[in-house]
file work.cif (mmCIF, C-alpha atoms)
data_protein
loop_
_atom_site.label_atom_id
_atom_site.label_comp_id
_atom_site.auth_asym_id
_atom_site.auth_seq_id
_atom_site.Cartn_x
_atom_site.Cartn_y
_atom_site.Cartn_z
CA MET A 277 -12.99 37.16 1.99
CA ASN A 278 -11.62 38.86 5.07
CA ASP A 279 -9.66 35.92 6.48
CA HIS A 280 -6.26 35.02 5.16
CA VAL A 281 -6.02 32.22 2.66
CA GLU A 282 -2.89 30.38 3.85
CA THR A 283 -4.52 26.98 3.62
CA TRP A 284 -5.57 27.65 0.04
CA LEU A 285 -2.19 28.87 -1.14
CA ASP A 286 -0.72 25.42 -1.76
CA PRO A 287 -3.63 24.14 -3.88
CA TYR A 288 -3.70 27.57 -5.56
CA LEU A 289 -0.05 27.30 -6.46
CA ASP A 290 -0.48 23.69 -7.61
CA GLY A 291 -3.50 24.49 -9.77
CA GLU A 292 -5.78 22.30 -7.69
CA LEU A 293 -8.55 24.83 -7.06
CA ASN A 294 -11.68 25.13 -9.14
CA ARG A 295 -12.40 28.36 -10.98
CA LEU A 296 -14.60 29.76 -8.23
CA GLN A 297 -12.10 29.07 -5.46
CA GLN A 298 -9.28 30.42 -7.58
CA GLY A 299 -11.23 33.62 -8.16
CA ARG A 300 -11.76 34.06 -4.44
CA VAL A 301 -8.07 33.56 -3.70
CA ASP A 302 -7.12 35.97 -6.50
CA LYS A 303 -9.48 38.54 -5.04
CA HIS A 304 -8.02 38.12 -1.59
CA LEU A 305 -4.44 38.25 -2.84
CA ALA A 306 -5.14 41.52 -4.61
CA GLN A 307 -5.85 43.18 -1.29
CA CYS A 308 -3.65 41.24 1.15
CA PRO A 309 0.14 41.89 1.08
CA GLU A 310 0.66 39.29 3.82
CA CYS A 311 -0.76 36.46 1.73
CA ARG A 312 1.03 37.75 -1.37
CA LYS A 313 4.30 37.56 0.54
CA LEU A 314 3.50 34.03 1.64
CA LEU A 315 2.69 33.03 -1.92
CA ALA A 316 5.97 34.50 -3.17
CA GLN A 317 7.77 32.56 -0.46
CA ARG A 318 6.06 29.35 -1.58
CA ARG A 319 7.07 30.00 -5.18
CA ALA A 320 10.65 30.66 -4.12
CA LEU A 321 10.63 27.43 -2.14
CA THR A 322 9.46 25.47 -5.18
CA ASN A 323 12.29 27.00 -7.22
CA LEU A 324 14.80 26.25 -4.48
CA LEU A 325 13.65 22.62 -4.28
CA GLN A 326 14.21 22.22 -8.00
CA GLU A 327 17.90 22.91 -7.35
CA MET A 328 18.17 19.57 -5.64
CA ALA A 329 19.58 17.65 -8.57
CA PRO A 330 18.13 14.29 -9.60
CA ALA A 331 20.13 11.15 -8.96
CA SER A 332 23.42 11.34 -10.83
CA GLU A 333 26.19 8.89 -11.69
CA LEU A 334 23.69 6.14 -12.23
CA LYS A 335 24.59 2.90 -13.91
CA PRO A 336 23.45 2.74 -17.56
CA VAL A 337 19.79 1.97 -17.91
CA ASP A 338 20.43 -1.18 -19.95
CA GLN A 339 22.63 -2.52 -17.18
CA PHE A 340 19.96 -1.68 -14.64
CA VAL A 341 17.29 -3.46 -16.68
CA ASN A 342 19.55 -6.50 -17.15
CA GLU A 343 20.29 -6.68 -13.44
CA VAL A 344 16.59 -6.53 -12.62
CA ASN A 345 15.90 -9.12 -15.26
CA LEU A 346 18.50 -11.48 -13.82
CA ARG A 347 16.83 -11.33 -10.44
CA LEU A 348 13.37 -12.13 -11.73
CA VAL A 349 13.84 -15.92 -11.68
CA ARG A 350 12.00 -16.55 -8.45
CA ARG A 351 8.79 -14.97 -9.63
CA SER A 352 7.23 -18.24 -10.84
CA ARG A 353 7.64 -19.87 -7.41
CA ALA A 354 6.29 -16.82 -5.61
CA ALA A 355 3.40 -16.62 -8.06
CA GLN A 356 2.61 -20.31 -7.63
CA ARG A 357 2.67 -19.94 -3.87
CA GLN A 358 0.39 -16.95 -4.21
CA ILE A 359 -2.00 -18.89 -6.45
CA SER A 360 -1.99 -21.83 -4.00
CA LEU A 361 -2.75 -19.50 -1.11
CA SER A 362 -5.48 -17.83 -3.11
CA LEU A 363 -7.01 -21.19 -4.03
CA GLY A 364 -6.76 -22.26 -0.40
CA TRP A 365 -8.70 -19.19 0.63
CA GLN A 366 -11.34 -19.84 -1.98
CA PHE A 367 -11.76 -23.45 -0.85
CA ILE A 368 -12.55 -22.50 2.72
CA PRO A 369 -16.27 -21.84 2.06
CA VAL A 370 -16.45 -25.18 0.24
CA VAL A 371 -14.95 -26.92 3.26
CA LEU A 372 -17.45 -25.12 5.49
CA LEU A 373 -20.28 -26.17 3.20
CA LEU A 374 -19.12 -29.77 3.44
CA ALA A 375 -18.94 -29.44 7.23
CA TRP A 376 -22.48 -28.12 7.25
CA ALA A 377 -23.62 -31.03 5.07
CA PHE A 378 -21.87 -33.41 7.44
CA VAL A 379 -23.62 -31.94 10.49
CA LEU A 380 -26.94 -32.11 8.69
CA THR A 381 -26.36 -35.74 7.72
CA LEU A 382 -25.35 -36.51 11.26
CA SER A 383 -28.50 -34.91 12.54
CA ILE A 384 -30.69 -36.86 10.11
CA MET A 385 -28.89 -40.07 10.96
CA SER A 386 -29.35 -39.51 14.66
CA ASN A 387 -33.07 -39.02 14.08
CA LEU A 388 -33.15 -42.19 12.05
CA LEU A 389 -31.48 -44.03 14.90
CA LEU A 390 -34.52 -43.30 17.00
CA ILE A 391 -36.53 -45.37 14.59
CA ILE A 392 -34.14 -48.32 14.80
CA PRO A 393 -35.28 -50.68 17.62
CA GLU A 394 -31.81 -51.18 19.02
CA ALA A 395 -31.22 -47.46 19.19
CA GLU A 396 -34.49 -46.98 21.01
CA GLN A 397 -33.33 -49.44 23.63
CA ILE A 398 -30.25 -47.33 24.16
CA VAL A 399 -32.51 -44.35 24.60
CA GLN A 400 -34.58 -46.14 27.18
CA GLN A 401 -31.47 -47.31 29.01
CA SER A 402 -30.21 -43.78 29.23
CA GLY A 403 -33.44 -42.92 31.03
CA SER A 404 -34.01 -39.79 29.08
CA SER A 405 -35.34 -38.57 25.82
CA ILE A 406 -32.06 -36.81 25.23
CA ILE A 407 -30.48 -38.64 22.37
CA SER A 408 -29.45 -37.79 18.86
CA ILE A 409 -25.90 -36.53 18.65
CA SER A 410 -24.89 -37.64 22.14
CA ARG A 411 -25.94 -41.26 21.58
CA LEU A 412 -24.66 -41.29 18.07
CA SER A 413 -21.33 -40.01 19.28
CA THR A 414 -21.27 -42.85 21.81
CA LEU A 415 -21.86 -45.26 18.99
CA LEU A 416 -19.05 -43.67 17.08
CA GLY A 417 -16.83 -43.80 20.16
CA SER A 418 -16.62 -40.05 20.81
CA TYR A 419 -16.54 -40.23 24.59
CA PRO A 420 -15.64 -36.64 25.50
CA LEU A 421 -18.77 -35.30 23.79
CA ASP A 422 -20.85 -37.93 25.49
CA LEU A 423 -19.37 -37.08 28.89
CA THR A 424 -20.08 -33.41 28.37
CA LEU A 425 -23.61 -34.08 27.32
CA GLY A 426 -24.01 -36.46 30.25
CA ALA A 427 -22.92 -33.75 32.62
CA LEU A 428 -25.33 -31.32 31.06
CA LYS A 429 -28.03 -33.92 31.29
CA GLN A 430 -27.38 -34.24 35.02
CA ILE A 431 -27.78 -30.54 35.45
CA GLY A 432 -31.10 -30.95 33.78
CA ILE A 433 -31.03 -27.74 31.83
CA PHE A 434 -31.79 -29.33 28.52
CA ARG A 435 -34.28 -31.85 29.72
CA ALA A 436 -37.19 -29.88 28.40
CA LEU A 437 -35.48 -28.94 25.18
CA ASP A 438 -34.99 -30.79 21.99
CA TRP A 439 -31.32 -31.57 22.28
CA ASN A 440 -31.07 -32.63 18.68
CA LEU A 441 -32.21 -29.22 17.54
CA ILE A 442 -29.83 -27.45 19.92
CA THR A 443 -26.75 -29.40 18.83
CA SER A 444 -27.61 -28.83 15.19
CA LEU A 445 -28.08 -25.11 15.81
CA ILE A 446 -24.78 -24.90 17.71
CA ALA A 447 -22.97 -26.68 14.89
CA LEU A 448 -24.56 -24.43 12.28
CA ALA A 449 -23.78 -21.31 14.30
CA SER A 450 -20.15 -22.45 14.58
CA ILE A 451 -19.96 -22.95 10.84
CA GLY A 452 -21.61 -19.57 10.33
CA LEU A 453 -19.05 -17.95 12.62
CA LEU A 454 -16.21 -19.62 10.77
CA TYR A 455 -17.64 -18.34 7.51
CA LEU A 456 -17.86 -14.81 8.92
CA GLY A 457 -14.27 -15.17 10.09
CA TRP A 458 -13.30 -16.17 6.58
CA LEU A 459 -15.13 -13.16 5.15
CA ALA A 460 -13.34 -10.84 7.60
CA GLY A 461 -10.01 -12.44 6.72
CA TRP A 462 -10.71 -12.10 3.02
CA TRP A 463 -11.68 -8.46 3.45
CA ALA A 464 -8.50 -7.72 5.45
CA HIS A 465 -6.45 -9.54 2.82
CA SER A 466 -8.02 -7.47 0.03
CA LEU A 467 -7.35 -4.26 1.93
CA LYS A 468 -3.74 -5.25 2.44
CA GLU A 469 -3.36 -5.88 -1.29
CA MET B 203 11.90 11.63 -18.02
CA LEU B 204 9.09 9.42 -19.20
CA THR B 205 8.70 8.94 -22.88
CA ALA B 206 5.25 8.67 -24.33
CA LEU B 207 3.64 5.33 -23.56
CA THR B 208 -0.03 5.13 -24.34
CA THR B 209 -2.38 3.61 -21.82
CA GLU B 210 -3.19 0.93 -24.34
CA ILE B 211 0.43 -0.12 -24.86
CA GLU B 212 1.13 0.10 -21.15
CA GLY B 213 -1.93 -2.06 -20.45
CA GLU B 214 -0.74 -4.63 -22.94
CA LEU B 215 2.78 -4.68 -21.47
CA ILE B 216 1.36 -5.08 -17.96
CA SER B 217 -0.94 -7.86 -19.10
CA ARG B 218 1.94 -9.70 -20.76
CA ALA B 219 4.17 -9.18 -17.73
CA GLN B 220 1.41 -10.53 -15.50
CA ASP B 221 1.52 -13.69 -17.58
CA GLY B 222 5.24 -13.95 -16.89
CA ASP B 223 6.62 -12.23 -19.98
CA ARG B 224 9.96 -10.87 -18.81
CA GLU B 225 10.57 -8.96 -22.00
CA ALA B 226 7.40 -6.97 -21.44
CA PHE B 227 8.43 -6.32 -17.86
CA GLY B 228 11.84 -5.17 -19.13
CA GLU B 229 10.03 -2.58 -21.25
CA ILE B 230 8.16 -1.41 -18.18
CA VAL B 231 11.40 -1.15 -16.19
CA LEU B 232 13.01 0.77 -19.03
CA HIS B 233 10.10 3.16 -19.15
CA TYR B 234 9.82 3.84 -15.41
CA HIS B 235 13.50 3.46 -14.47
CA GLN B 236 14.38 7.15 -14.29
CA SER B 237 11.30 8.31 -12.43
CA VAL B 238 11.44 5.45 -9.92
CA VAL B 239 15.15 6.06 -9.26
CA ASN B 240 14.47 9.76 -8.78
CA VAL B 241 11.61 9.17 -6.37
CA VAL B 242 13.64 6.75 -4.25
CA TYR B 243 16.73 8.96 -4.46
CA ARG B 244 14.81 11.92 -3.10
CA MET B 245 13.27 9.77 -0.43
CA CYS B 246 16.56 8.33 0.82
CA GLY B 247 19.08 10.92 -0.40
CA ASP B 248 21.74 8.56 -1.70
CA THR B 249 22.33 7.38 -5.27
CA CYS B 250 23.67 3.93 -4.36
CA LEU B 251 20.79 3.30 -2.00
CA ALA B 252 18.43 4.69 -4.61
CA GLU B 253 19.54 2.21 -7.26
CA ASP B 254 19.27 -0.70 -4.82
CA ALA B 255 15.88 0.49 -3.67
CA ALA B 256 14.73 0.98 -7.26
CA GLN B 257 15.78 -2.56 -8.13
CA THR B 258 14.00 -3.86 -5.05
CA ALA B 259 10.93 -1.87 -6.06
CA PHE B 260 10.89 -3.40 -9.54
CA LEU B 261 11.41 -6.88 -8.14
CA ARG B 262 8.53 -6.38 -5.72
CA ALA B 263 6.44 -5.04 -8.57
CA TRP B 264 7.23 -8.16 -10.59
CA GLU B 265 6.30 -10.43 -7.70
CA ASN B 266 3.08 -8.60 -7.03
CA LEU B 267 2.13 -7.92 -10.62
CA PRO B 268 -0.35 -10.82 -10.79
CA LYS B 269 -2.27 -9.08 -8.01
CA TYR B 270 -2.26 -5.68 -9.73
CA ARG B 271 -5.70 -4.59 -10.94
CA PRO B 272 -6.04 -1.71 -13.41
CA LYS B 273 -8.51 0.11 -11.13
CA ALA B 274 -5.42 1.93 -9.75
CA ARG B 275 -3.06 3.72 -12.11
CA PHE B 276 0.06 1.68 -12.69
CA ARG B 277 2.33 4.64 -12.01
CA SER B 278 0.66 5.24 -8.65
CA TRP B 279 0.91 1.55 -7.80
CA LEU B 280 4.60 1.47 -8.76
CA TYR B 281 5.44 4.69 -6.90
CA ARG B 282 3.87 3.32 -3.75
CA ILE B 283 6.08 0.24 -3.98
CA ALA B 284 9.09 2.46 -4.72
CA ILE B 285 8.48 4.73 -1.73
CA ASN B 286 8.10 1.76 0.59
CA ALA B 287 11.26 0.18 -0.83
CA ALA B 288 13.16 3.44 -0.32
CA LEU B 289 11.99 3.76 3.28
CA ASP B 290 12.85 0.13 4.01
CA MET B 291 16.28 0.60 2.51
CA GLN B 292 16.88 3.83 4.39
CA ARG B 293 15.91 2.27 7.70
CA ARG B 294 18.35 -0.57 7.08
CA GLU B 295 21.23 1.56 5.85
CA VAL B 296 22.08 4.46 8.07
CA ARG B 297 24.94 5.68 5.91
CA LEU B 298 24.26 8.78 3.88
CA VAL B 299 26.79 9.80 1.28
CA ASP B 300 26.57 13.34 0.09
CA LEU B 301 26.96 12.95 -3.64
CA ASP B 302 26.70 16.65 -4.29
CA GLU B 303 30.50 16.48 -4.27
CA GLN B 304 30.30 15.01 -7.76
CA HIS B 305 28.09 17.82 -8.84
CA LEU B 306 30.68 20.20 -7.46
CA ALA B 307 33.41 18.75 -9.63
CA SER B 308 31.42 18.84 -12.83
CA THR B 309 30.21 22.40 -12.75
CA SER B 310 31.66 25.46 -14.49
CA GLU B 311 30.65 28.03 -11.87
CA LYS B 312 33.08 30.37 -10.08
CA PRO B 313 34.72 28.86 -6.95
CA ASP B 314 32.86 31.11 -4.47
CA GLN B 315 29.63 30.50 -6.23
CA ILE B 316 30.33 26.77 -6.37
CA ILE B 317 30.78 26.60 -2.63
CA GLU B 318 27.74 28.73 -2.03
CA ASN B 319 25.58 26.68 -4.39
CA HIS B 320 26.92 23.46 -3.03
CA GLU B 321 26.13 24.50 0.50
CA ARG B 322 22.67 25.58 -0.49
CA ARG B 323 21.92 22.29 -2.27
CA ALA B 324 23.26 20.32 0.65
CA HIS B 325 21.13 22.37 2.99
CA VAL B 326 18.03 21.81 0.85
CA LYS B 327 18.74 18.11 0.72
CA ARG B 328 19.18 17.89 4.48
CA ALA B 329 16.01 19.88 5.06
CA VAL B 330 14.01 17.53 2.81
CA GLN B 331 15.53 14.52 4.53
CA ALA B 332 14.61 15.98 7.91
CA LEU B 333 10.92 15.93 7.04
CA PRO B 334 8.80 13.13 8.46
CA GLU B 335 8.48 10.23 5.98
CA ALA B 336 4.79 10.80 5.32
CA SER B 337 5.17 14.49 4.50
CA ARG B 338 8.38 13.89 2.55
CA ALA B 339 6.67 11.37 0.27
CA VAL B 340 3.84 13.81 -0.50
CA LEU B 341 6.28 16.67 -1.15
CA ILE B 342 8.46 14.60 -3.47
CA LEU B 343 5.54 13.28 -5.48
CA ARG B 344 4.22 16.82 -5.90
CA GLU B 345 7.39 18.86 -6.36
CA TYR B 346 9.50 16.46 -8.37
CA GLU B 347 7.07 14.09 -10.04
CA GLY B 348 4.34 16.65 -10.59
CA LEU B 349 1.55 14.34 -9.48
CA SER B 350 -1.86 15.86 -8.85
CA TYR B 351 -3.33 15.71 -5.35
CA ARG B 352 -5.67 12.97 -6.50
CA GLU B 353 -2.79 10.90 -7.88
CA ILE B 354 -0.80 11.38 -4.68
CA ALA B 355 -3.83 10.31 -2.66
CA GLU B 356 -4.13 7.22 -4.85
CA THR B 357 -0.42 6.45 -4.62
CA LEU B 358 -0.20 6.74 -0.86
CA ASP B 359 -3.72 5.49 -0.21
CA ILE B 360 -4.70 8.53 1.82
CA PRO B 361 -7.55 11.05 1.46
CA THR B 362 -6.97 14.18 -0.65
CA GLY B 363 -7.45 16.33 2.47
CA THR B 364 -4.53 14.53 4.09
CA VAL B 365 -2.42 15.19 0.99
CA MET B 366 -3.18 18.89 1.36
CA SER B 367 -2.39 19.01 5.06
CA ARG B 368 0.85 17.02 4.69
CA LEU B 369 1.98 19.18 1.81
CA ASN B 370 1.18 22.31 3.74
CA TYR B 371 3.11 20.99 6.71
CA ALA B 372 6.11 20.00 4.57
CA ARG B 373 6.28 23.33 2.78
CA SER B 374 5.81 25.37 5.93
CA ARG B 375 8.53 23.40 7.69
CA LEU B 376 10.89 23.77 4.71
CA ALA B 377 10.13 27.47 4.46
CA LYS B 378 11.20 27.80 8.07
CA LEU B 379 14.32 25.64 7.68
CA LEU B 380 15.38 27.30 4.45
CA SER B 381 14.28 30.82 5.27
CA PRO B 382 17.72 32.44 4.67
CA TYR B 383 17.72 31.20 1.06
CA LEU B 384 14.12 32.22 0.50
CA GLU B 385 14.77 35.74 1.73
CA GLU B 386 17.73 36.02 -0.66
CA SER B 387 15.57 35.21 -3.65
#
call {"tool": "encode", "arguments": {"input": "work.cif", "output": "structure tokens"}}
result
Amino acid sequence: MNDHVETWLDPYLDGELNRLQQGRVDKHLAQCPECRKLLAQRRALTNLLQEMAPASELKPVDQFVNEVNLRLVRRSRAAQRQISLSLGWQFIPVVLLLAWAFVLTLSIMSNLLLIIPEAEQIVQQSGSSIISISRLSTLLGSYPLDLTLGALKQIGIFRALDWNLITSLIALASIGLLYLGWLAGWWAHSLKE
Amino acid sequence: MLTALTTEIEGELISRAQDGDREAFGEIVLHYHQSVVNVVYRMCGDTCLAEDAAQTAFLRAWENLPKYRPKARFRSWLYRIAINAALDMQRREVRLVDLDEQHLASTSEKPDQIIENHERRAHVKRAVQALPEASRAVLILREYEGLSYREIAETLDIPTGTVMSRLNYARSRLAKLLSPYLEES
């Protein structure tokens, strides 16, 4: 070992090296006065630091414990809030699952509407095969969605596509994204803890 | 210093405290009081602040105890809370009272020696306080609490390599700042 071992001196002094590393440092120290001087300086520093007295004039430990104990009253509220938050977090996937079930039901219902004679008339009136969610939303009174879909219909992009499938996929992708967001949030929360 | 407290007993006390048993938590406070006060004292350099910070640390520990998982050592977990409490307290309170005066009055050394020793201690204290927070925390946990590099890494949630580099930085900086005293010895 020709190079100096400055970087190894701290772990050497603190007993953090393995036997092999320690042997190498010992060997180097035996032939290097510079590193020996540095090691002696480190030892002197440790001794000097020990002169810094611990905290003195402290209140009696029983008094300290009692004072801490007196201030512990709010723990139950904090813990309950923590539990509520934790439960809230855990319920998010359930809510997302319910949302997914809702979208699926909506999709099935919209398909069923195509079978209903009255619904078919609505389809014919609209002059397009684009139906499902958009028509169902009209029936449910959700005008903004209908207007948006109407605009898209005018553009004609989705004419050749199965709109029902697209809306279902978009809804599922949104739910999937929300779930991923929840996972990321949960991960960040765990890291913070 | 810490009295013997087996892992088993400590685990039981923690478990009981997690369930809201204040008596068990009192035992934990009693056991860790001195070491937590010393860590925060050396971090912030003031006894009054240290006691406040130590109390804050224990209160935070109590609040967060339900979230504590035994995968981390309790001491490491508690020290991390204590260090953060000390730094928070120090940032809030700018005042720094040099309590070495009390040490001065209680010693039986010769007057010249008293002054010399007092000056040296004050100088050491100032030098430690002048270190950046991150390096200071590593130095204190190593020099005064005798934690291994692995335990320090666990406490501060940093890699062992970072512990080594911060410790090296802290000691090198102190060696420079305190060189007159090191040459004497």
call {"tool": "atom_distance", "arguments": {"input": "work.cif", "atom1": "atom CA of Thr443 of chain A", "atom2": "atom CA of Met385 of chain A"}}
result
13.4 Å
call {"tool": "residues_around", "arguments": {"input": "work.cif", "residues": "His233 of chain B", "least_positions_apart": "4", "cutoff": "12 Å", "atoms": "all atoms listed in the file", "output": "PDB file with C-alpha atoms, in the coordinates of the input"}}
result
ATOM      1  CA  VAL A 337      19.790   1.970 -17.910  1.00  0.00           C
ATOM      2  CA  ASP A 338      20.430  -1.180 -19.950  1.00  0.00           C
ATOM      3  CA  PHE A 340      19.960  -1.680 -14.640  1.00  0.00           C
ATOM      4  CA  VAL A 341      17.290  -3.460 -16.680  1.00  0.00           C
TER       5      VAL A 341
ATOM      6  CA  MET B 203      11.900  11.630 -18.020  1.00  0.00           C
ATOM      7  CA  LEU B 204       9.090   9.420 -19.200  1.00  0.00           C
ATOM      8  CA  THR B 205       8.700   8.940 -22.880  1.00  0.00           C
ATOM      9  CA  ALA B 206       5.250   8.670 -24.330  1.00  0.00           C
ATOM     10  CA  LEU B 207       3.640   5.330 -23.560  1.00  0.00           C
ATOM     11  CA  THR B 208      -0.030   5.130 -24.340  1.00  0.00           C
ATOM     12  CA  ILE B 211       0.430  -0.120 -24.860  1.00  0.00           C
ATOM     13  CA  GLU B 212       1.130   0.100 -21.150  1.00  0.00           C
ATOM     14  CA  LEU B 215       2.780  -4.680 -21.470  1.00  0.00           C
ATOM     15  CA  ALA B 226       7.400  -6.970 -21.440  1.00  0.00           C
ATOM     16  CA  PHE B 227       8.430  -6.320 -17.860  1.00  0.00           C
ATOM     17  CA  GLY B 228      11.840  -5.170 -19.130  1.00  0.00           C
ATOM     18  CA  GLU B 229      10.030  -2.580 -21.250  1.00  0.00           C
ATOM     19  CA  SER B 237      11.300   8.310 -12.430  1.00  0.00           C
ATOM     20  CA  VAL B 238      11.440   5.450  -9.920  1.00  0.00           C
ATOM     21  CA  VAL B 239      15.150   6.060  -9.260  1.00  0.00           C
ATOM     22  CA  PHE B 260      10.890  -3.400  -9.540  1.00  0.00           C
ATOM     23  CA  ARG B 277       2.330   4.640 -12.010  1.00  0.00           C
ATOM     24  CA  LEU B 280       4.600   1.470  -8.760  1.00  0.00           C
TER      25      LEU B 280
END
call {"tool": "closest_atom_pairs", "arguments": {"input": "work.cif", "of": "chain A", "to": "chain B", "cutoff": "7 Å", "atoms": "only C-alpha atoms", "output": "CSV"}}
result
residue,atom,partner,partner_atom,distance
A:Asp286,CA,B:Asn370,CA,6.6
A:Gln317,CA,B:Leu384,CA,6.4
A:Ala320,CA,B:Leu384,CA,6.0
A:Leu321,CA,B:Leu384,CA,6.5
A:Leu325,CA,B:Val326,CA,6.8
A:Glu327,CA,B:Arg323,CA,6.5
A:Met328,CA,B:Arg323,CA,5.7
A:Pro330,CA,B:Asn240,CA,5.9
A:Ala331,CA,B:Thr249,CA,5.7
A:Ser332,CA,B:Thr249,CA,6.9
A:Val337,CA,B:Leu232,CA,7.0
A:Val341,CA,B:Gly228,CA,6.2
A:Val344,CA,B:Gln257,CA,6.0
A:Asn345,CA,B:Gly228,CA,6.9
A:Leu348,CA,B:Leu261,CA,6.7
A:Arg351,CA,B:Glu265,CA,5.5
A:Ala354,CA,B:Glu265,CA,6.7
A:Ala355,CA,B:Glu265,CA,6.8
call {"tool": "atom_distance", "arguments": {"input": "work.cif", "atom1": "atom CA of Val379 of chain A", "atom2": "atom CA of Ile451 of chain A"}}
result
9.7 Å
call {"tool": "atom_distance", "arguments": {"input": "work.cif", "atom1": "atom CA of Ala377 of chain A", "atom2": "atom CA of Ile446 of chain A"}}
result
14.1 Å
call {"tool": "closest_residue", "arguments": {"input": "work.cif", "among": "B:Asp223, B:Leu289, B:Lys378, B:Ser217", "to": "Gln331 of chain B", "atoms": "only C-alpha atoms"}}
result
B:Leu289
call {"tool": "residues_near_point", "arguments": {"input": "work.cif", "point": "(-4.6, 3.9, -6.6)", "cutoff": "6 Å", "atoms": "only C-alpha atoms", "output": "MDAnalysis selection string"}}
result
chainID B and resid 274:275 278 356:357
